[in-house]
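Undergrad: What follows is data.cif, mmCIF, C-alpha atoms (C1' of nucleotides).
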```
data_entry
loop_
_atom_site.label_atom_id
_atom_site.label_comp_id
_atom_site.auth_asym_id
_atom_site.auth_seq_id
_atom_site.Cartn_x
_atom_site.Cartn_y
_atom_site.Cartn_z
CA MET A 1 33.02 122.04 121.08
CA MET A 2 34.81 121.72 124.36
CA ALA A 3 36.97 124.58 123.28
CA LEU A 4 39.17 126.88 125.29
CA THR A 5 38.40 130.57 125.26
CA ARG A 6 40.81 133.19 123.97
CA LYS A 7 41.38 134.18 127.56
CA ALA A 8 42.90 130.82 128.37
CA GLU A 9 44.80 130.76 125.12
CA TYR A 10 46.30 134.18 125.84
CA GLY A 11 46.98 133.34 129.45
CA ILE A 12 48.94 130.28 128.46
CA ARG A 13 50.87 132.14 125.78
CA GLY A 14 51.69 134.90 128.23
CA MET A 15 52.89 132.54 130.91
CA LEU A 16 54.92 130.65 128.36
CA TYR A 17 56.63 133.91 127.53
CA LEU A 18 57.47 134.38 131.19
CA ALA A 19 58.78 130.84 131.44
CA ARG A 20 61.11 131.58 128.56
CA GLN A 21 62.50 134.78 130.02
CA PRO A 22 66.20 134.22 130.55
CA GLY A 23 66.93 134.02 134.26
CA GLY A 24 63.27 134.49 135.12
CA GLN A 25 63.62 138.15 134.21
CA ILE A 26 60.69 140.45 134.76
CA ALA A 27 58.60 141.24 131.68
CA MET A 28 56.17 144.03 130.88
CA ILE A 29 52.65 143.44 129.65
CA GLY A 30 53.23 145.50 126.53
CA ASP A 31 56.24 143.49 125.47
CA ILE A 32 54.53 140.18 126.14
CA ALA A 33 51.43 141.19 124.24
CA SER A 34 53.25 142.37 121.16
CA ALA A 35 55.69 139.46 121.14
CA MET A 36 52.87 136.93 121.33
CA GLU A 37 50.36 138.84 119.20
CA MET A 38 47.70 139.46 121.77
CA PRO A 39 45.55 142.50 122.59
CA ARG A 40 47.47 144.35 125.26
CA THR A 41 44.64 145.54 127.48
CA PHE A 42 42.94 142.19 127.41
CA LEU A 43 46.11 140.41 128.41
CA ALA A 44 46.52 142.90 131.23
CA LYS A 45 43.19 141.79 132.65
CA ILE A 46 44.06 138.15 132.31
CA PHE A 47 47.41 138.64 134.03
CA GLN A 48 45.66 140.53 136.80
CA ASP A 49 43.59 137.40 137.41
CA LEU A 50 46.56 135.10 137.22
CA ALA A 51 48.36 137.28 139.75
CA LYS A 52 45.41 137.12 142.13
CA LYS A 53 45.33 133.37 141.75
CA GLY A 54 48.99 133.28 142.68
CA LEU A 55 50.37 131.90 139.45
CA ILE A 56 52.36 134.99 138.61
CA LYS A 57 53.70 137.92 140.63
CA SER A 58 53.39 141.53 139.63
CA GLU A 59 55.47 144.60 140.45
CA ARG A 60 54.23 148.11 139.91
CA GLY A 61 56.06 151.24 138.91
CA THR A 62 59.19 151.75 136.89
CA GLY A 63 60.97 148.51 136.22
CA GLY A 64 57.80 146.68 137.12
CA GLY A 65 56.13 143.85 135.28
CA PHE A 66 55.42 140.16 135.76
CA VAL A 67 57.30 137.03 136.71
CA LEU A 68 56.19 133.48 137.38
CA ALA A 69 55.28 132.91 141.00
CA ARG A 70 56.93 129.48 140.93
CA LEU A 71 59.48 127.63 138.89
CA PRO A 72 58.23 126.64 135.43
CA GLU A 73 58.46 122.97 136.38
CA GLN A 74 56.06 123.59 139.23
CA ILE A 75 53.30 125.12 137.14
CA THR A 76 51.02 122.84 135.16
CA LEU A 77 48.85 123.59 132.18
CA CYS A 78 45.92 122.39 134.25
CA GLU A 79 46.49 125.08 136.85
CA ILE A 80 46.61 127.82 134.27
CA VAL A 81 43.52 126.65 132.45
CA GLU A 82 41.52 126.17 135.63
CA ALA A 83 42.67 129.50 137.04
CA ILE A 84 41.25 131.23 134.00
CA GLU A 85 38.27 129.13 132.99
CA GLY A 86 37.31 127.57 136.27
CA PRO A 87 37.29 123.88 137.02
CA ILE A 88 37.26 121.43 134.14
CA MET A 89 33.70 120.30 133.92
CA PRO A 90 32.40 118.45 130.88
CA ASN A 91 28.90 118.70 132.29
CA GLN A 92 27.22 121.06 134.72
CA CYS A 93 25.95 118.05 136.67
CA LEU A 94 29.41 117.42 138.00
CA MET A 95 29.36 120.66 139.94
CA GLY A 96 27.62 119.27 142.97
CA GLU A 97 24.35 118.41 144.56
CA GLY A 98 21.24 120.17 143.44
CA MET A 99 22.57 120.99 140.01
CA CYS A 100 21.08 118.04 138.18
CA SER A 101 17.81 116.38 138.96
CA PHE A 102 19.04 113.19 137.32
CA GLN A 103 22.24 112.89 139.33
CA LYS A 104 21.33 109.58 140.81
CA THR A 105 19.74 108.07 137.75
CA CYS A 106 21.62 109.53 134.81
CA PRO A 107 23.72 106.84 133.15
CA VAL A 108 25.86 109.37 131.32
CA HIS A 109 27.10 110.85 134.55
CA PRO A 110 29.97 108.41 135.07
CA VAL A 111 31.19 109.12 131.55
CA TRP A 112 31.49 112.84 132.24
CA ARG A 113 33.25 112.10 135.47
CA ARG A 114 35.75 109.90 133.68
CA LEU A 115 36.28 112.48 130.97
CA GLN A 116 36.89 115.13 133.58
CA LYS A 117 39.44 112.99 135.34
CA VAL A 118 41.32 112.03 132.20
CA THR A 119 41.35 115.61 130.94
CA ARG A 120 42.78 116.92 134.18
CA GLY A 121 45.30 114.12 134.11
CA ILE A 122 46.56 115.10 130.69
CA LEU A 123 46.78 118.78 131.56
CA GLU A 124 48.44 118.11 134.90
CA GLU A 125 51.22 116.18 133.25
CA VAL A 126 52.29 119.18 131.23
CA THR A 127 54.40 121.81 132.98
CA LEU A 128 55.50 125.20 131.75
CA LYS A 129 59.05 123.90 131.77
CA THR A 130 58.21 121.13 129.35
CA LEU A 131 56.38 123.56 127.12
CA ALA A 132 59.05 126.22 127.23
CA ALA A 133 61.80 123.73 126.45
CA GLN A 134 59.91 122.40 123.44
CA LYS A 135 61.53 123.11 120.12
CA VAL A 136 58.64 122.75 117.77
CA ASP A 137 59.27 123.38 114.14
CA LEU A 138 57.46 120.73 112.24
CA PRO A 139 57.49 120.71 108.43
CA MET B 1 35.08 124.97 131.33
CA MET B 2 34.95 122.45 128.53
CA ALA B 3 31.29 122.08 129.21
CA LEU B 4 28.54 120.66 127.06
CA THR B 5 25.65 122.90 126.13
CA ARG B 6 22.06 122.20 127.07
CA LYS B 7 21.49 121.29 123.48
CA ALA B 8 23.83 118.34 123.69
CA GLU B 9 22.53 117.40 127.10
CA TYR B 10 18.94 117.37 125.81
CA GLY B 11 19.92 115.59 122.62
CA ILE B 12 21.54 112.80 124.58
CA ARG B 13 18.62 112.50 126.98
CA GLY B 14 16.19 112.40 124.09
CA MET B 15 18.11 109.72 122.24
CA LEU B 16 18.44 107.74 125.42
CA TYR B 17 14.67 107.81 125.68
CA LEU B 18 14.42 106.42 122.16
CA ALA B 19 16.95 103.73 122.96
CA ARG B 20 14.80 102.67 125.87
CA GLN B 21 11.59 102.47 123.89
CA PRO B 22 10.45 98.87 124.02
CA GLY B 23 10.83 97.30 120.61
CA GLY B 24 12.23 100.47 119.14
CA GLN B 25 8.75 101.95 119.22
CA ILE B 26 8.18 105.36 117.72
CA ALA B 27 7.98 108.24 120.19
CA MET B 28 6.55 111.73 119.97
CA ILE B 29 8.50 114.83 120.82
CA GLY B 30 5.95 115.92 123.40
CA ASP B 31 6.17 112.68 125.32
CA ILE B 32 9.95 112.63 125.23
CA ALA B 33 10.21 116.21 126.38
CA SER B 34 7.87 115.82 129.31
CA ALA B 35 9.31 112.47 130.37
CA MET B 36 12.83 113.82 130.40
CA GLU B 37 12.01 117.29 131.65
CA MET B 38 13.08 119.29 128.64
CA PRO B 39 11.52 122.27 126.84
CA ARG B 40 9.43 120.75 124.11
CA THR B 41 10.02 123.23 121.30
CA PHE B 42 13.73 123.32 121.93
CA LEU B 43 13.98 119.55 121.83
CA ALA B 44 12.03 119.60 118.58
CA LYS B 45 14.75 121.73 117.01
CA ILE B 46 17.48 119.50 118.33
CA PHE B 47 15.76 116.40 117.02
CA GLN B 48 15.34 118.09 113.67
CA ASP B 49 19.11 118.44 113.53
CA LEU B 50 19.72 114.90 114.67
CA ALA B 51 17.37 113.66 111.98
CA LYS B 52 19.24 115.65 109.32
CA LYS B 53 22.49 114.20 110.57
CA GLY B 54 21.00 110.74 110.20
CA LEU B 55 21.11 109.69 113.83
CA ILE B 56 17.35 109.44 114.17
CA LYS B 57 14.49 109.04 111.72
CA SER B 58 11.32 111.09 111.77
CA GLU B 59 7.81 110.39 110.54
CA ARG B 60 5.23 113.08 110.04
CA GLY B 61 1.51 113.01 110.51
CA THR B 62 -0.67 110.97 112.76
CA GLY B 63 1.23 108.18 114.43
CA GLY B 64 4.43 109.98 113.56
CA GLY B 65 7.39 110.68 115.78
CA PHE B 66 10.99 109.63 116.09
CA VAL B 67 13.00 106.43 116.21
CA LEU B 68 16.73 105.75 116.26
CA ALA B 69 18.19 105.45 112.78
CA ARG B 70 20.42 102.58 113.88
CA LEU B 71 20.54 100.03 116.66
CA PRO B 72 21.47 101.50 120.05
CA GLU B 73 24.71 99.52 120.04
CA GLN B 74 25.69 101.25 116.82
CA ILE B 75 25.32 104.79 118.07
CA THR B 76 28.07 106.28 120.19
CA LEU B 77 27.97 109.20 122.58
CA CYS B 78 30.67 110.78 120.46
CA GLU B 79 28.45 110.82 117.40
CA ILE B 80 25.62 112.46 119.26
CA VAL B 81 27.80 115.10 120.85
CA GLU B 82 29.60 115.90 117.61
CA ALA B 83 26.38 115.97 115.64
CA ILE B 84 25.07 118.65 117.96
CA GLU B 85 28.12 120.61 119.00
CA GLY B 86 30.40 120.04 116.09
CA PRO B 87 33.76 118.31 116.21
CA ILE B 88 35.49 117.96 119.56
CA MET B 89 38.09 120.66 119.51
CA PRO B 90 39.89 121.69 122.67
CA ASN B 91 41.49 124.52 120.77
CA GLN B 92 40.53 126.45 117.64
CA CYS B 93 44.02 125.84 116.28
CA LEU B 94 43.16 122.23 115.62
CA MET B 95 40.62 123.20 113.02
CA GLY B 96 43.03 123.41 110.17
CA GLU B 97 45.57 125.48 108.37
CA GLY B 98 45.38 129.21 108.58
CA MET B 99 43.54 129.21 111.86
CA CYS B 100 46.53 129.68 114.11
CA SER B 101 49.61 131.67 113.28
CA PHE B 102 51.59 129.62 115.76
CA GLN B 103 50.66 126.23 114.40
CA LYS B 104 54.19 125.28 113.58
CA THR B 105 55.81 126.76 116.64
CA CYS B 106 53.25 126.40 119.40
CA PRO B 107 54.40 123.84 121.92
CA VAL B 108 50.92 123.47 123.41
CA HIS B 109 49.52 122.24 120.15
CA PRO B 110 50.39 118.57 120.63
CA VAL B 111 48.71 118.64 124.03
CA TRP B 112 45.41 119.79 122.55
CA ARG B 113 45.69 117.19 119.87
CA ARG B 114 46.22 114.49 122.47
CA LEU B 115 43.33 115.75 124.54
CA GLN B 116 41.10 115.73 121.50
CA LYS B 117 42.05 112.18 120.69
CA VAL B 118 41.57 110.87 124.20
CA THR B 119 38.25 112.65 124.57
CA ARG B 120 36.91 111.22 121.36
CA GLY B 121 38.18 107.83 122.45
CA ILE B 122 36.24 107.94 125.67
CA LEU B 123 33.05 109.10 124.01
CA GLU B 124 33.36 106.59 121.19
CA GLU B 125 33.51 103.71 123.63
CA VAL B 126 30.10 104.53 125.01
CA THR B 127 27.09 103.40 123.01
CA LEU B 128 23.44 104.15 123.54
CA LYS B 129 22.94 100.49 124.33
CA THR B 130 25.40 100.61 127.20
CA LEU B 131 23.79 103.77 128.51
CA ALA B 132 20.24 102.52 128.14
CA ALA B 133 21.06 99.26 129.89
CA GLN B 134 22.63 101.04 132.83
CA LYS B 135 20.79 100.71 136.09
CA VAL B 136 22.14 103.64 138.01
CA ASP B 137 20.83 104.19 141.45
CA LEU B 138 23.76 105.07 143.60
CA PRO B 139 23.32 105.92 147.29
"C1'" DT C 1 -11.16 116.53 104.63
"C1'" DA C 2 -10.07 117.04 109.42
"C1'" DT C 3 -6.49 115.94 112.49
"C1'" DA C 4 -1.99 114.97 114.14
"C1'" DA C 5 2.51 115.03 113.81
"C1'" DA C 6 7.24 116.97 112.39
"C1'" DA C 7 9.81 120.74 109.36
"C1'" DG C 8 11.20 125.24 108.68
"C1'" DG C 9 11.78 130.10 109.48
"C1'" DA C 10 11.78 134.23 112.19
"C1'" DT C 11 12.43 136.27 116.42
"C1'" DA C 12 13.83 137.32 121.27
"C1'" DA C 13 15.92 137.24 125.89
"C1'" DT C 14 19.91 136.31 128.27
"C1'" DA C 15 24.67 135.07 128.98
"C1'" DT C 16 29.23 134.82 127.59
"C1'" DT C 17 33.16 136.34 125.14
"C1'" DA C 18 36.33 139.52 123.91
"C1'" DG C 19 37.61 143.24 124.44
"C1'" DT C 20 38.36 148.94 125.50
"C1'" DC C 21 38.98 153.06 128.29
"C1'" DC C 22 39.69 155.76 132.17
"C1'" DT C 23 41.29 156.62 136.72
"C1'" DA C 24 43.86 155.11 140.81
"C1'" DT C 25 47.72 153.16 142.95
"C1'" DT C 26 52.50 152.10 143.53
"C1'" DA C 27 57.42 152.31 142.85
"C1'" DA C 28 61.81 154.29 141.05
"C1'" DG C 29 64.78 157.95 139.75
"C1'" DG C 30 66.23 162.47 139.47
"C1'" DC D 1 59.03 165.96 146.19
"C1'" DC D 2 57.78 165.45 141.62
"C1'" DT D 3 57.70 163.15 137.29
"C1'" DT D 4 57.47 159.05 134.96
"C1'" DA D 5 56.53 154.29 134.33
"C1'" DA D 6 54.39 150.49 135.37
"C1'" DT D 7 50.23 147.49 137.16
"C1'" DA D 8 45.30 147.50 139.58
"C1'" DG D 9 40.66 148.25 139.42
"C1'" DG D 10 36.21 149.57 137.71
"C1'" DA D 11 32.92 150.65 134.27
"C1'" DC D 12 31.49 150.03 129.91
"C1'" DT D 13 30.65 148.06 125.11
"C1'" DA D 14 30.13 145.24 120.89
"C1'" DA D 15 29.73 140.91 119.03
"C1'" DT D 16 28.50 136.34 119.37
"C1'" DA D 17 26.48 132.19 121.33
"C1'" DT D 18 23.06 130.05 124.02
"C1'" DT D 19 18.49 128.92 125.06
"C1'" DA D 20 14.83 129.10 123.85
"C1'" DT D 21 9.57 130.47 121.66
"C1'" DC D 22 6.06 131.14 118.09
"C1'" DC D 23 4.00 130.80 113.75
"C1'" DT D 24 3.34 128.80 109.31
"C1'" DT D 25 4.06 124.87 106.19
"C1'" DT D 26 4.36 120.23 104.93
"C1'" DT D 27 3.20 115.44 105.30
"C1'" DA D 28 0.73 111.43 106.67
"C1'" DT D 29 -3.35 109.03 108.56
"C1'" DA D 30 -8.05 107.93 109.48
#
```
What would the structure in this file look like if it were written as structure tokens?
TA:
Amino acid sequence: MMALTRKAEYGIRGMLYLARQPGGQIAMIGDIASAMEMPRTFLAKIFQDLAKKGLIKSERGTGGGFVLARLPEQITLCEIVEAIEGPIMPNQCLMGEGMCSFQKTCPVHPVWRRLQKVTRGILEEVTLKTLAAQKVDLP
Amino acid sequence: MMALTRKAEYGIRGMLYLARQPGGQIAMIGDIASAMEMPRTFLAKIFQDLAKKGLIKSERGTGGGFVLARLPEQITLCEIVEAIEGPIMPNQCLMGEGMCSFQKTCPVHPVWRRLQKVTRGILEEVTLKTLAAQKVDLP
DNA sequence: TATAAAAGGATAATATTAGTCCTATTAAGG
DNA sequence: CCTTAATAGGACTAATATTATCCTTTTATA
């Protein structure tokens, strides 16, 4: 439970690829997809979204492709996840008035709110730079 | 994203009702469902699961119904959620070997692991007793 | 033995996920 | 200008998960 979708997983992987491009070089969807083992057309859709949300920039035509819209240290994991999946929301109730008839009396409410806050906190601390720099090769 | 399903929501509400039963009195599914505004047959299924998982006990026949299997202070929100939704798992990768081809090289992995740990921590701290005792009536 | 409760199994409607495919648009290069 | 190479956008689909409902069976009580 509480799992990310493939979409988010792919989006993160794709942006990580961009963050690792030497000199912030432009990269094509086909290359990214095959390098990171993702379905090409699906990734294209996801990148379209990310471009609309302003996390990456796209260029069309020959020599086109994608680059990060900001420096890797200025893009957090939280932003990417929320751009793709929508706001982090352990429980529908947190969405606003009228969603939950127990809003005022539900004792679990504060727990979800805390969980939401802590989750965002963790994801906000992690930038693409940190991730890209990581040399993970555990035994 | 990262949202609970109705099933978990209902399961929690139902168990909260049991925790609030004076003297740990037995309660019938119909009463619980109508008191907490949940679809009766659906709740029945959920309670069936919870009984199998050993969180509640059921009695059949006249005078039958459900009670908590343990004291409210010995049942955590984490247990209920995991009983219904399965283990808390921000990312499929965390499920075990063979699930993720990037396990050894994925720099995001440790973040999910941390998130998982913190989430469980928060939910483990909350018991049914705490929740049941809560007098929430915010402005 | 009738009644009241949960257990179990089958089924269904709807939503979400995880894509694919085709056409249009845009840019570069010859 | 025309071809080629890239993304953008829209429509569509298959598989799976969610959110239930209904019917029959089992179990316990009075």
Undergrad: At a cut-off of 8 Å, which residues of chain D touch chain B? Count only C-alpha atoms (C1' of nucleotides) and give the answer as a PyMOL selection string.
TA: chain D and resi 18-21+27-29
Undergrad: If I take CA of Ala83 (chain A) and CA of Ile29 (chain A), how far is one from the other in Å, to one decimal?
TA: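 Going from CA of Ala83 (chain A) over to CA of Ile29 (chain A), I get 18.7 Å.
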Undergrad: If I take C1' of DA15 (chain C) and CA of His109 (chain A), how far is one from the other in Å, to one decimal?
TA: 25.0 Å
Undergrad: Is it possible to get the residues within 9 Å of (17.5, 111.3, 129.1) (coordinates as in the file, counting all atoms listed in the file) written as a ChimeraX atom specification?
TA: /A:102,106-108 /B:9-17,32,35-37
Undergrad: Decode the PyMOL selection byres ((chain A and resi 117) around 12) for the given file into explicit residues and return them as an mmCIF file with C-alpha atoms, in the frame of the given file.
TA:
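Output below, filename expr-v9.cif:
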```cif
data_model
loop_
_atom_site.group_PDB
_atom_site.id
_atom_site.type_symbol
_atom_site.label_atom_id
_atom_site.label_comp_id
_atom_site.auth_asym_id
_atom_site.auth_seq_id
_atom_site.Cartn_x
_atom_site.Cartn_y
_atom_site.Cartn_z
ATOM 1 C CA CYS A 78 45.920 122.390 134.250
ATOM 2 C CA PRO A 87 37.290 123.880 137.020
ATOM 3 C CA ILE A 88 37.260 121.430 134.140
ATOM 4 C CA MET A 89 33.700 120.300 133.920
ATOM 5 C CA PRO A 90 32.400 118.450 130.880
ATOM 6 C CA LEU A 94 29.410 117.420 138.000
ATOM 7 C CA PRO A 110 29.970 108.410 135.070
ATOM 8 C CA VAL A 111 31.190 109.120 131.550
ATOM 9 C CA TRP A 112 31.490 112.840 132.240
ATOM 10 C CA ARG A 113 33.250 112.100 135.470
ATOM 11 C CA ARG A 114 35.750 109.900 133.680
ATOM 12 C CA LEU A 115 36.280 112.480 130.970
ATOM 13 C CA GLN A 116 36.890 115.130 133.580
ATOM 14 C CA VAL A 118 41.320 112.030 132.200
ATOM 15 C CA THR A 119 41.350 115.610 130.940
ATOM 16 C CA ARG A 120 42.780 116.920 134.180
ATOM 17 C CA GLY A 121 45.300 114.120 134.110
ATOM 18 C CA ILE A 122 46.560 115.100 130.690
ATOM 19 C CA LEU A 123 46.780 118.780 131.560
ATOM 20 C CA GLU A 124 48.440 118.110 134.900
ATOM 21 C CA LEU B 115 43.330 115.750 124.540
ATOM 22 C CA VAL B 118 41.570 110.870 124.200
ATOM 23 C CA THR B 119 38.250 112.650 124.570
ATOM 24 C CA ILE B 122 36.240 107.940 125.670
#
```
Undergrad: Can you work out which residues from chain C touch chain A at a cut-off of 9 Å (counting only C-alpha atoms (C1' of nucleotides)) and hand them back as a VMD selection string?
TA: chain C and resid 17 to 20 25 to 29
Undergrad: Restricting the calculation to only C-alpha atoms, which member of A:Met38, A:Lys57, A:Gln25, A:Val67 is positioned closest to chain B?
TA: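 The answer is A:Met38, which sits nearest to chain B.
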Undergrad: Might you pull out every residue within 10 Å of DA10 (chain C), with only C-alpha atoms (C1' of nucleotides) counted and same-chain residues fewer than 2 positions away left off, and present them as a list in words?
TA: DG8 and DA12 of chain C; DC22 and DC23 of chain D
